[in-house]
Every structure is written in C-alpha cells, then in structure tokens.
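Q: entry10.cif (mmCIF, C-alpha atoms and all ligand atoms) pasted underneath:
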```
data_upload
loop_
_atom_site.label_atom_id
_atom_site.label_comp_id
_atom_site.auth_asym_id
_atom_site.auth_seq_id
_atom_site.Cartn_x
_atom_site.Cartn_y
_atom_site.Cartn_z
CA MET A 995 0.00 0.00 0.00
CA LEU A 996 1.31 3.48 -0.82
CA LEU A 997 0.99 6.04 1.93
CA SER A 998 1.19 9.72 1.18
CA VAL A 999 1.86 12.21 3.95
CA ARG A 1000 0.74 15.67 2.98
CA VAL A 1001 1.53 19.12 4.28
CA ALA A 1002 0.43 22.50 2.97
CA SER A 1003 2.54 23.80 0.09
CA ARG A 1004 4.93 26.72 0.63
CA PRO A 1005 6.18 28.44 -2.49
CA SER A 1006 8.63 30.73 -0.65
CA LEU A 1007 9.77 31.57 2.89
CA PRO A 1008 6.43 32.74 4.33
CA PRO A 1009 5.57 35.46 6.86
CA ALA A 1010 4.79 34.35 10.41
CA ALA A 1011 1.00 34.34 10.04
CA GLU A 1012 1.14 32.14 7.00
CA ARG A 1013 3.56 29.83 8.77
CA ARG A 1014 1.07 29.36 11.59
CA ARG A 1015 -1.68 28.54 9.08
CA ALA A 1016 0.59 26.09 7.31
CA SER A 1017 1.44 24.22 10.45
CA SER A 1018 -2.20 23.94 11.47
CA THR A 1019 -3.22 22.48 8.08
CA ARG A 1020 -0.46 19.90 8.14
CA ARG A 1021 -1.41 16.27 8.53
CA VAL A 1022 1.49 14.68 10.35
CA VAL A 1023 1.84 11.11 11.49
CA LEU A 1024 4.37 11.06 14.30
CA ARG A 1025 5.94 7.86 15.48
CA SER A 1026 7.64 7.41 18.76
CA VAL A 1027 11.38 6.84 18.61
CA HIS A 1028 13.24 5.37 21.49
CA THR A 1029 16.76 6.57 21.68
CA THR A 1030 18.84 7.89 24.35
CA SER A 1031 22.17 6.36 24.88
CA VAL A 1032 25.09 6.60 22.52
CA ASP A 1033 28.39 4.94 21.86
CA GLY A 1034 31.03 4.12 24.43
CA GLY A 1035 32.36 7.04 26.47
CA ALA A 1036 30.16 9.59 24.73
CA ALA A 1037 27.03 7.86 25.93
CA SER A 1038 26.66 9.50 29.30
CA LYS A 1039 27.25 12.97 27.87
CA GLU A 1040 24.57 12.62 25.21
CA LYS A 1041 21.64 10.94 26.86
CA LYS A 1042 19.14 13.65 25.95
CA ARG A 1043 17.06 13.15 22.86
CA ARG A 1044 16.87 16.33 20.80
CA PRO A 1045 13.39 17.51 19.79
CA THR A 1046 12.52 16.56 16.18
CA ASP A 1047 12.43 19.27 13.51
CA ASP A 1048 9.16 20.53 12.13
CA TYR A 1049 8.24 23.14 9.57
CA HIS A 1050 9.16 25.98 11.94
CA ALA A 1051 12.53 24.52 12.88
CA THR A 1052 13.49 24.11 9.22
CA VAL A 1053 12.50 27.66 8.30
CA ARG A 1054 14.22 29.00 11.42
CA SER A 1055 17.41 27.17 10.45
CA LEU A 1056 17.31 28.62 6.96
CA ASN A 1057 16.82 32.09 8.39
CA SER A 1058 19.68 31.76 10.83
CA ARG A 1059 23.05 33.27 9.80
CA GLY A 1060 21.21 35.49 7.34
CA ARG A 1061 18.74 34.12 4.89
CA HIS A 1062 19.79 30.91 3.12
CA VAL A 1063 18.10 30.99 -0.23
CA PRO A 1064 17.85 27.35 -1.34
CA LYS A 1065 20.00 26.58 -4.38
CA LYS A 1066 18.26 24.84 -7.25
CA SER A 1067 21.57 23.62 -8.66
CA LEU A 1068 22.17 21.67 -5.41
CA GLY A 1069 18.65 20.23 -5.33
CA GLN A 1070 17.97 21.98 -2.01
CA HIS A 1071 14.43 20.94 -1.07
CA TYR A 1072 14.35 20.69 2.69
CA MET A 1073 12.20 18.27 4.64
CA LEU A 1074 9.43 19.92 6.66
CA ASN A 1075 7.89 16.82 8.15
CA SER A 1076 9.74 14.99 10.89
CA SER A 1077 7.56 11.90 10.49
CA ILE A 1078 9.15 11.33 7.06
CA ASN A 1079 12.58 11.46 8.69
CA GLU A 1080 11.37 8.79 11.13
CA GLU A 1081 10.16 6.71 8.17
CA LEU A 1082 13.56 7.01 6.47
CA SER A 1083 15.38 5.98 9.62
CA SER A 1084 13.09 3.05 10.34
CA ALA A 1085 13.22 1.84 6.70
CA ALA A 1086 16.94 1.28 7.34
CA ASP A 1087 16.28 -0.24 10.80
CA VAL A 1088 18.67 2.33 12.27
CA GLU A 1089 19.50 1.47 15.84
CA GLU A 1090 21.89 2.43 18.56
CA GLY A 1091 25.51 1.82 17.60
CA ASP A 1092 24.92 1.91 13.82
CA VAL A 1093 27.24 3.95 11.61
CA VAL A 1094 25.12 5.85 9.07
CA LEU A 1095 26.22 7.85 6.04
CA GLU A 1096 23.93 10.79 5.35
CA ILE A 1097 24.34 12.60 2.05
CA GLY A 1098 23.38 16.29 2.09
CA PRO A 1099 22.33 16.96 5.69
CA GLY A 1100 21.11 20.47 4.76
CA THR A 1101 19.53 21.99 7.88
CA GLY A 1102 20.13 18.79 9.83
CA SER A 1103 16.56 17.60 10.34
CA LEU A 1104 17.28 14.02 9.24
CA THR A 1105 20.68 14.16 10.95
CA ASN A 1106 18.85 14.95 14.16
CA THR A 1107 16.53 11.95 13.78
CA LEU A 1108 19.47 9.64 13.07
CA LEU A 1109 21.39 10.91 16.09
CA ASN A 1110 18.26 10.47 18.21
CA SER A 1111 18.19 6.84 17.08
CA GLY A 1112 21.60 6.36 18.68
CA ALA A 1113 23.56 6.15 15.42
CA THR A 1114 26.95 7.66 14.66
CA VAL A 1115 26.43 9.82 11.57
CA VAL A 1116 28.91 10.67 8.83
CA ALA A 1117 27.32 13.60 7.01
CA VAL A 1118 28.69 14.70 3.62
CA GLU A 1119 27.51 18.16 2.55
CA LYS A 1120 28.67 19.97 -0.58
CA ASP A 1121 27.32 23.44 0.24
CA PRO A 1122 29.71 25.26 2.63
CA ARG A 1123 26.80 27.39 3.99
CA MET A 1124 24.86 24.29 5.00
CA ALA A 1125 27.99 22.61 6.36
CA ALA A 1126 28.51 25.70 8.58
CA LEU A 1127 24.89 25.48 9.70
CA ILE A 1128 25.35 21.82 10.68
CA LYS A 1129 28.54 22.67 12.54
CA ASP A 1130 26.72 25.38 14.51
CA ARG A 1131 23.79 23.13 15.25
CA PHE A 1132 25.59 19.97 16.35
CA GLY A 1133 29.02 21.41 17.20
CA CYS A 1134 29.74 19.39 20.31
CA THR A 1135 28.12 16.12 19.22
CA GLU A 1136 30.71 13.37 19.29
CA ARG A 1137 28.60 11.04 17.20
CA LEU A 1138 28.59 13.31 14.16
CA LYS A 1139 31.40 13.54 11.64
CA LEU A 1140 30.81 16.33 9.12
CA ILE A 1141 32.62 16.26 5.79
CA GLN A 1142 32.29 19.24 3.51
CA GLU A 1143 32.66 17.56 0.13
CA ASP A 1144 30.84 16.51 -3.00
CA ILE A 1145 29.61 12.95 -2.39
CA THR A 1146 30.42 11.95 -5.95
CA LYS A 1147 34.09 12.82 -5.32
CA CYS A 1148 34.32 11.66 -1.72
CA HIS A 1149 36.45 8.69 -0.64
CA ILE A 1150 33.66 7.28 1.52
CA VAL A 1151 35.43 4.16 2.76
CA SER A 1152 38.36 6.06 4.26
CA HIS A 1153 35.92 8.12 6.37
CA LEU A 1154 33.79 5.17 7.48
CA GLY A 1155 36.46 2.50 7.97
CA PRO A 1156 37.88 3.71 11.32
CA LEU A 1157 34.37 4.29 12.74
CA LEU A 1158 33.24 0.79 11.77
CA GLN A 1159 36.32 -0.70 13.39
CA ASN A 1160 35.53 1.21 16.61
CA GLN A 1161 31.95 -0.06 16.64
CA THR A 1162 32.90 -3.71 16.16
CA PRO A 1163 33.83 -5.70 19.25
CA GLU A 1164 37.18 -7.46 18.94
CA GLY A 1165 37.02 -10.89 17.33
CA HIS A 1166 33.68 -10.13 15.65
CA LYS A 1167 33.03 -9.79 11.92
CA GLN A 1168 33.15 -6.06 11.04
CA LYS A 1169 29.74 -4.43 11.25
CA LEU A 1170 28.53 -2.80 8.03
CA ALA A 1171 27.37 0.80 7.79
CA LYS A 1172 24.01 2.04 6.44
CA VAL A 1173 23.04 4.96 4.21
CA VAL A 1174 19.99 7.11 4.94
CA ALA A 1175 19.57 10.24 2.84
CA ASN A 1176 17.25 12.75 1.26
CA ILE A 1177 19.39 13.38 -1.82
CA PRO A 1178 19.06 15.92 -4.63
CA PHE A 1179 17.01 14.36 -7.44
CA ASN A 1180 19.59 15.43 -10.02
CA ILE A 1181 22.36 13.20 -8.61
CA SER A 1182 20.23 10.19 -7.72
CA THR A 1183 21.37 7.92 -10.58
CA GLU A 1184 25.00 8.77 -9.86
CA VAL A 1185 24.52 8.08 -6.14
CA VAL A 1186 22.76 4.76 -6.80
CA LYS A 1187 25.61 3.70 -9.12
CA LEU A 1188 28.17 4.75 -6.53
CA LEU A 1189 26.62 3.07 -3.48
CA LEU A 1190 25.01 -0.18 -4.62
CA PRO A 1191 28.28 -1.93 -5.49
CA MET A 1192 29.55 -1.17 -1.95
CA GLY A 1193 28.14 -4.29 -0.32
CA ASN A 1194 31.35 -4.76 1.67
CA THR A 1195 30.79 -1.34 3.35
CA PHE A 1196 27.00 -0.94 3.52
CA SER A 1197 24.22 -3.40 4.35
CA ILE A 1198 21.23 -1.12 3.66
CA VAL A 1199 20.83 2.01 1.55
CA VAL A 1200 17.65 4.05 2.06
CA LEU A 1201 17.13 7.00 -0.27
CA LEU A 1202 14.42 9.55 -0.84
CA LEU A 1203 14.15 9.64 -4.64
CA GLN A 1204 11.87 11.24 -7.19
CA ASP A 1205 8.74 9.06 -7.15
CA GLU A 1206 8.69 8.12 -10.84
CA ALA A 1207 12.40 7.34 -10.83
CA ALA A 1208 11.90 5.22 -7.70
CA ALA A 1209 9.12 3.20 -9.32
CA ARG A 1210 11.21 2.74 -12.48
CA LEU A 1211 14.20 1.51 -10.46
CA VAL A 1212 12.23 -0.96 -8.39
CA ASP A 1213 9.32 -2.14 -10.51
CA ALA A 1214 10.42 -2.00 -14.16
CA SER A 1215 10.37 -5.50 -15.53
CA VAL A 1216 11.11 -7.33 -18.75
CA GLU A 1217 9.27 -6.06 -21.81
CA THR A 1218 8.04 -2.83 -20.20
CA PRO A 1219 9.09 0.51 -21.77
CA GLU A 1220 10.76 1.51 -18.45
CA TYR A 1221 13.07 -1.52 -18.42
CA ARG A 1222 16.68 -0.33 -18.78
CA SER A 1223 20.26 -1.35 -18.01
CA ILE A 1224 19.97 0.41 -14.61
CA ASN A 1225 17.39 -2.26 -13.60
CA ILE A 1226 19.92 -4.99 -14.32
CA PHE A 1227 22.46 -3.00 -12.29
CA VAL A 1228 20.11 -2.48 -9.31
CA ASN A 1229 19.10 -6.15 -9.18
CA PHE A 1230 22.66 -7.38 -9.66
CA TYR A 1231 23.86 -5.50 -6.57
CA SER A 1232 20.76 -5.32 -4.36
CA ASP A 1233 17.22 -6.29 -3.47
CA PRO A 1234 15.25 -3.06 -3.91
CA GLU A 1235 11.95 -2.20 -2.24
CA TYR A 1236 9.62 0.77 -2.79
CA LYS A 1237 8.58 1.75 0.74
CA LEU A 1238 6.52 4.92 0.82
CA LYS A 1239 5.30 7.72 -1.42
CA VAL A 1240 6.10 11.20 -0.07
CA GLY A 1241 4.05 14.10 -1.44
CA ARG A 1242 5.94 17.12 -2.79
CA THR A 1243 4.25 19.40 -0.23
CA ASN A 1244 6.49 17.94 2.46
CA PHE A 1245 9.46 19.91 1.12
CA PHE A 1246 10.53 23.53 1.14
CA PRO A 1247 10.77 24.83 -1.49
CA GLN A 1248 8.25 22.50 -3.08
CA PRO A 1249 9.76 20.43 -5.92
CA LYS A 1250 7.89 19.75 -9.17
CA PHE A 1251 7.61 16.05 -8.37
CA ASP A 1252 6.53 13.76 -5.55
CA ALA A 1253 9.19 11.64 -3.87
CA ALA A 1254 9.40 8.10 -2.53
CA ILE A 1255 11.43 6.19 0.03
CA VAL A 1256 13.31 3.27 -1.50
CA ARG A 1257 15.24 0.67 0.47
CA PHE A 1258 18.06 -1.26 -1.19
CA GLU A 1259 19.32 -4.27 0.71
CA LEU A 1260 22.85 -4.69 -0.61
CA LYS A 1261 24.16 -8.08 -1.63
CA GLN A 1262 27.52 -9.25 -0.34
CA ILE A 1263 30.12 -9.93 -3.05
CA SER A 1264 29.59 -13.69 -2.57
CA GLU A 1265 25.88 -13.19 -3.43
CA TYR A 1266 26.42 -11.42 -6.77
CA PRO A 1267 25.31 -13.36 -9.83
CA PRO A 1268 28.24 -15.50 -11.00
CA VAL A 1269 30.05 -13.49 -13.69
CA ALA A 1270 33.82 -13.59 -14.17
CA SER A 1271 34.03 -9.80 -14.26
CA PRO A 1272 31.22 -7.34 -13.39
CA LYS A 1273 33.01 -4.79 -15.59
CA SER A 1274 32.77 -6.89 -18.75
CA PHE A 1275 29.23 -7.97 -17.77
CA PHE A 1276 27.98 -4.38 -17.52
CA SER A 1277 29.84 -3.41 -20.66
CA LEU A 1278 27.76 -6.06 -22.48
CA VAL A 1279 24.51 -4.99 -20.78
CA ASN A 1280 25.07 -1.30 -21.55
CA SER A 1281 25.92 -2.01 -25.18
CA ALA A 1282 22.79 -4.13 -25.46
CA PHE A 1283 20.54 -1.37 -24.10
CA ASN A 1284 22.21 1.33 -26.19
CA GLY A 1285 20.38 -0.21 -29.09
CA LYS A 1286 17.27 -0.94 -27.04
CA ARG A 1287 15.01 -1.82 -29.97
CA LYS A 1288 17.72 -3.60 -31.95
CA MET A 1289 18.23 -7.33 -31.88
CA LEU A 1290 21.21 -8.37 -29.78
CA ARG A 1291 22.96 -9.93 -32.75
CA LYS A 1292 23.15 -6.38 -34.15
CA SER A 1293 23.74 -4.24 -31.04
CA LEU A 1294 26.53 -6.53 -29.76
CA HIS A 1295 28.27 -6.99 -33.11
CA HIS A 1296 31.31 -4.99 -31.89
CA LEU A 1297 31.85 -7.65 -29.17
CA CYS A 1298 31.25 -10.85 -31.21
CA SER A 1299 30.08 -11.82 -34.64
CA PRO A 1300 26.30 -12.06 -35.23
CA THR A 1301 26.67 -15.82 -35.69
CA GLU A 1302 28.40 -16.21 -32.32
CA ILE A 1303 25.68 -14.16 -30.62
CA GLU A 1304 22.92 -16.18 -32.28
CA SER A 1305 24.53 -19.42 -31.24
CA ALA A 1306 25.04 -18.19 -27.63
CA LEU A 1307 21.36 -17.12 -27.46
CA ASP A 1308 20.29 -20.46 -28.88
CA SER A 1309 22.41 -22.43 -26.42
CA ILE A 1310 20.79 -20.67 -23.44
CA GLY A 1311 17.33 -21.36 -24.84
CA LEU A 1312 16.48 -17.86 -26.14
CA PRO A 1313 15.33 -16.90 -29.64
CA THR A 1314 18.19 -15.79 -31.90
CA THR A 1315 16.17 -12.65 -32.63
CA SER A 1316 16.07 -11.55 -28.94
CA ARG A 1317 16.17 -7.86 -28.00
CA PRO A 1318 17.62 -6.59 -24.69
CA SER A 1319 14.23 -5.72 -23.20
CA GLU A 1320 13.29 -9.43 -23.38
CA LEU A 1321 16.18 -10.64 -21.20
CA THR A 1322 16.09 -10.97 -17.41
CA LEU A 1323 19.17 -10.43 -15.22
CA ASP A 1324 19.66 -14.19 -15.18
CA ASP A 1325 19.43 -14.36 -19.01
CA PHE A 1326 22.10 -11.65 -19.32
CA VAL A 1327 24.35 -13.52 -16.90
CA ARG A 1328 24.02 -16.73 -18.93
CA LEU A 1329 24.54 -14.88 -22.23
CA HIS A 1330 27.64 -13.13 -20.90
CA ASN A 1331 29.13 -16.31 -19.47
CA ASN A 1332 28.46 -18.12 -22.72
CA LEU A 1333 30.12 -15.40 -24.82
CA VAL A 1334 33.23 -15.04 -22.60
CA LYS A 1335 33.91 -18.76 -23.06
CA LEU A 1336 34.42 -18.13 -26.76
C1 LIG B 1401 17.17 17.57 -0.89
S1 LIG B 1401 18.26 18.49 0.17
C2 LIG B 1401 18.05 17.58 1.65
C3 LIG B 1401 18.47 18.32 2.88
C4 LIG B 1401 18.16 17.62 4.19
N1 LIG B 1401 18.75 16.30 4.27
C5 LIG B 1401 16.67 17.53 4.40
O1 LIG B 1401 16.16 16.39 4.35
O2 LIG B 1401 16.04 18.55 4.60
C6 LIG B 1401 19.81 17.92 -0.50
C7 LIG B 1401 21.06 18.34 0.26
O3 LIG B 1401 22.19 17.78 -0.44
C8 LIG B 1401 23.23 18.75 -0.59
N2 LIG B 1401 23.97 18.37 -1.80
C9 LIG B 1401 23.68 18.64 -3.09
N3 LIG B 1401 24.56 18.07 -3.91
C10 LIG B 1401 25.44 17.40 -3.12
C11 LIG B 1401 26.61 16.61 -3.38
N4 LIG B 1401 27.03 16.37 -4.63
N5 LIG B 1401 27.28 16.09 -2.32
C12 LIG B 1401 26.86 16.29 -1.05
N6 LIG B 1401 25.78 17.04 -0.74
C13 LIG B 1401 25.08 17.58 -1.77
C14 LIG B 1401 22.47 20.06 -0.69
O4 LIG B 1401 23.29 21.16 -0.40
C15 LIG B 1401 21.34 19.84 0.32
O5 LIG B 1401 21.75 20.18 1.60
#
```
Just give me the structure of the file as structure tokens.
Ligand SMILES: C[S@@+](CC[C@H](N)C(=O)[O-])C[C@H]1O[C@@H](n2cnc3c(N)ncnc32)[C@H](O)[C@@H]1O
A:
Amino acid sequence: MLLSVRVASRPSLPPAAERRRASSTRRVVLRSVHTTSVDGGAASKEKKRRPTDDYHATVRSLNSRGRHVPKKSLGQHYMLNSSINEELSSAADVEEGDVVLEIGPGTGSLTNTLLNSGATVVAVEKDPRMAALIKDRFGCTERLKLIQEDITKCHIVSHLGPLLQNQTPEGHKQKLAKVVANIPFNISTEVVKLLLPMGNTFSIVVLLLQDEAAARLVDASVETPEYRSINIFVNFYSDPEYKLKVGRTNFFPQPKFDAAIVRFELKQISEYPPVASPKSFFSLVNSAFNGKRKMLRKSLHHLCSPTEIESALDSIGLPTTSRPSELTLDDFVRLHNNLVKL
C-alpha cells in the first residue's frame, strides 16, 4: 500500500501568520522513537534526545546566519515533516551503535533523527553554507562527523572505515554501515551507481528519490518501456523495495515532483550473480541497451560476430532474434558467461 503524507505547500519563505496557518493544516503522522544512549564514552554525555524538527525549525534554520536561499543547482528541497525522517530511519532499521552515512544533511533535520536513534552519523555536505549550519547546530556532538565535500568525489570508505572498526567488538566480523539520505534528485542515478556496489561497506541504503524514478528503479520488468540497463544493475547488486510515497508538499521549497522512500538491501560480493568480471558484464549490458530496440545480434556486433551471438542465445534457450528488453538479469548472466567462453 502506498501512503502519502501531505503538508500544505509553501512556495517561498512565508511570513509568520502564514507559517502558523501552514502548520495547522499539516497532517502529520508522528511515530515514537526510542533513543537515548550513545556509543562508548560519549554515551553518558549525550543521553538527551533532541526535539525533532518541524516546519518551523526548518525555516528557522534557513533564516539563521542570514537568509539561506535554497540553491536549485544543489537540489535543495528541505524536509518539513519529521515523520518522514522517522520513516527514512526506520526503513533502514537504524538502531543504537549503527554507523550511518547521510548525504546532504542540509539543515540537519534528518541528521537529528538519526542521532536520536543512537547512530553515529557521517554527514557529507557539498554546500559550505549548509555545512557551517550543521557545525553550529551539532558542534559538540561526538557522534557526528561532518565532511564538507561533493559525495560523488568523496572517498567514503576512508571516512567510514575507522568508525566501523571502533563499533565492532574485537574478534567479531566487522559491522557494516548504512546509508539514509534525502538526496538531490539530479544526482540520484550517480549516487545509486556509486553506493550499490559497496556491499562490503553498507548493508542497507535508504534514499528519498523522485517518485517516478523510484518506481522505475524498483518495478520496471522485462518487456516494459521503463526496463533499462539500470534495472539490471540495481538487481545485480541489491534487493530493492519501494517503501513509501512522499508528497511534494512535504518539502521547502516544493519540488515539481513527488518523492518516494526506497530501500536497497545490498548483496555481499559472494551473493552477486556468477560473472567472471562485473566490468565486462555491464559493458555487455550497456551495449545491449544502447540499441534498445535492436536485436542483440546487431547491437553486440562490436563484441562478437552475429553468428556467435545467435549461437550463444540459442544455447541458453532464447530466440536468436532476442532484444535486450526481453532478457532478465539471469538471461544476461548466462549470455555473458556463454560469450566469454568463446
Ligand atoms: C534535498 S536536500 C536535503 C536536505 C536535508 N537532508 C533535508 O532532508 O532537509 C539535499 C542536500 O544535499 C546537498 N547536496 C547537493 N549536492 C550534493 C553533493 N554532490 N554532495 C553532497 N551534498 C550535496 C544540498 O546542499 C542539500 O543540503
């Protein structure tokens, strides 16, 4: 079932009277979160749970240090509804002692929820103004590591590695981190491609994505117009699940599209489909989908001769006239493995 949580729309930073009206028209489903204690020595110092952010807190944050006009180029649509932050956190089963990567903390409303859940948060923020805001807000919090960087250029593992080692009792298998983030829509494909192959670092990735893109990533299946190479990629590296639709009125400023929470449970390397090299596998898949309507014997002719492709298709029980949109992940794996034997 899809749930939509709605709040009144806000085209721009509103005057106080309008803000009051907005908050009274909001329909908010609040869940209780139990968190208090934190890691090791820091625990006793940080027992207090911070109040969750609401519409007012977000607008107040943006107005602090002068007015922060949200930047379109950075996809800055801030969350106004703390219940959505709770949904994001619980979709990743965040619990005390977890190490969580948050991409784009912005005003810190989701950061706050994650810290309240007892997690240690590594927050990567590209905008120096928002990084400064986070520093002001959580300055003395030991469980927050703020990195002012572009996530697409960030060496994530070097920041998370030492924290994961600290969280893992000696003699135990190293605990994996999680990702929970409300990311800019314009970098979502890049972020998905960056994170999903990181099954040796992350166990669960929960992202707030544009709703249509979320549905395409999770639901697109063979022989539908939405079926693309990214679906093969997503299913190769993870088990994706569409969790919850989030109406656009939950953000400030309001984006043009609704959003959705998607959970990706990452596969461990040993669980990947058996291909000799993921690089050569995805090179084949991408070439196949570049000529989406073409038969594979044509679109893959730069890799093998049409006769070799026809015979590989035939030997795995597929018609020699197959097109990429007719092949499942498993079919592509068998086709690839058959062709690399040649
Ligand atoms: C959609 S807003 C979400 C803000 C906040 N997490 C919230 O839920 O209100 C996206 C955030 O990502 C930051 N951002 C944009 N591009 C980024 C990048 N390449 N790397 C890291 N942060 C980025 C923006 O500055 C902004 O703070």
Q: For the point (7.8, 2.7, -9.2) in the file's frame, write as a list in words all residues with an atom no more than 12 Å away, counting only C-alpha atoms.
A: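 Within 12 Å of (7.8, 2.7, -9.2), the protein and nucleic acid residues are Leu996, Leu1203, Gln1204, Asp1205, Glu1206, Ala1207, Ala1208, Ala1209, Arg1210, Leu1211, Val1212, Asp1213, Ala1214, Ser1215, Glu1220, Tyr1221, Asn1225, Pro1234, Glu1235, Tyr1236, Lys1237, Leu1238, Lys1239, Asp1252, Ala1253, Ala1254, Ile1255 and Val1256 of chain A.
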Q: Restricting the calculation to all atoms listed in the file, which member of A:Ile1303, A:Leu1109, A:Leu1202, A:Leu1157 is positioned closest to Ile1097 (chain A)?
A: A:Leu1202
Q: Within 8 Å of ligand LIG 1401 (chain B), counting only C-alpha atoms and all ligand atoms: which residues, as a ChimeraX atom specification?
A: /A:1052,1065,1067-1074,1079,1096-1105,1118-1121,1124,1142-1147,1175-1179,1181,1245
Q: Could you please determine the separation between CA of Ile1310 (chain A) and CA of Asp1233 (chain A) in Å, to one decimal place?
A: 24.9 Å
Q: Closest to Met1192 (chain A) among A:Leu1127, A:Ala1306, A:Val1228, A:Leu1260, using all atoms listed in the file?
A: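 Nearest candidate to Met1192 (chain A) out of A:Leu1127, A:Ala1306, A:Val1228, A:Leu1260: A:Leu1260.
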Q: Could you state the separation of CA of Ser1223 (chain A) and CA of Ser1083 (chain A) in Å, given to one decimal place?
A: 29.0 Å
Q: Please indicate the distance in Å from CA of Phe1230 (chain A) to CA of Glu1089 (chain A), rounded to one decimal place.
A: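 About the pair CA of Phe1230 (chain A) and CA of Glu1089 (chain A): they are 27.2 Å apart.
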Q: Excluding Arg1131 (chain A) and any residue of its chain fewer than 2 positions from it, enumerate the residues within 10 Å of it, using only C-alpha atoms, and give them as an NGL selection string.
A: :A and (1055 or 1101-1102 or 1106 or 1125-1129 or 1133-1135)
Q: So, with all atoms listed in the file as the atoms that count, which of A:Val1216, A:Val1186, A:Ala1270, A:Leu1333 lies closest to Tyr1231 (chain A)?
A: A:Val1186
Q: Give me the residues within 10 Å of Leu1095 (chain A) as a list in words, counting all atoms listed in the file and dropping any in the same chain fewer than 2 places off.
A: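 My list of contacting residues is Asp1092, Val1093, Ile1097, Gly1098, Pro1099, Thr1105, Leu1108, Ala1113, Thr1114, Val1115, Val1116, Ala1117, Val1118, Lys1139, Ile1150, His1153, Leu1154, Ala1171, Lys1172, Val1173, Val1174, Ala1175, Phe1196 and Val1199 of chain A.
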Q: Could you pull the residues within 10 Å of Leu1278 (chain A), counting all atoms listed in the file, minus those fewer than 4 positions along the same chain, as a ChimeraX atom specification?
A: /A:1223,1272-1274,1282-1284,1293-1294,1297,1326-1327,1329-1330,1333
Q: Which residue is closest to Leu1082 (chain A)? Choose from A:Pro1247, A:Ser1316, A:Arg1257, A:Val1334 and count only C-alpha atoms.
A: A:Arg1257
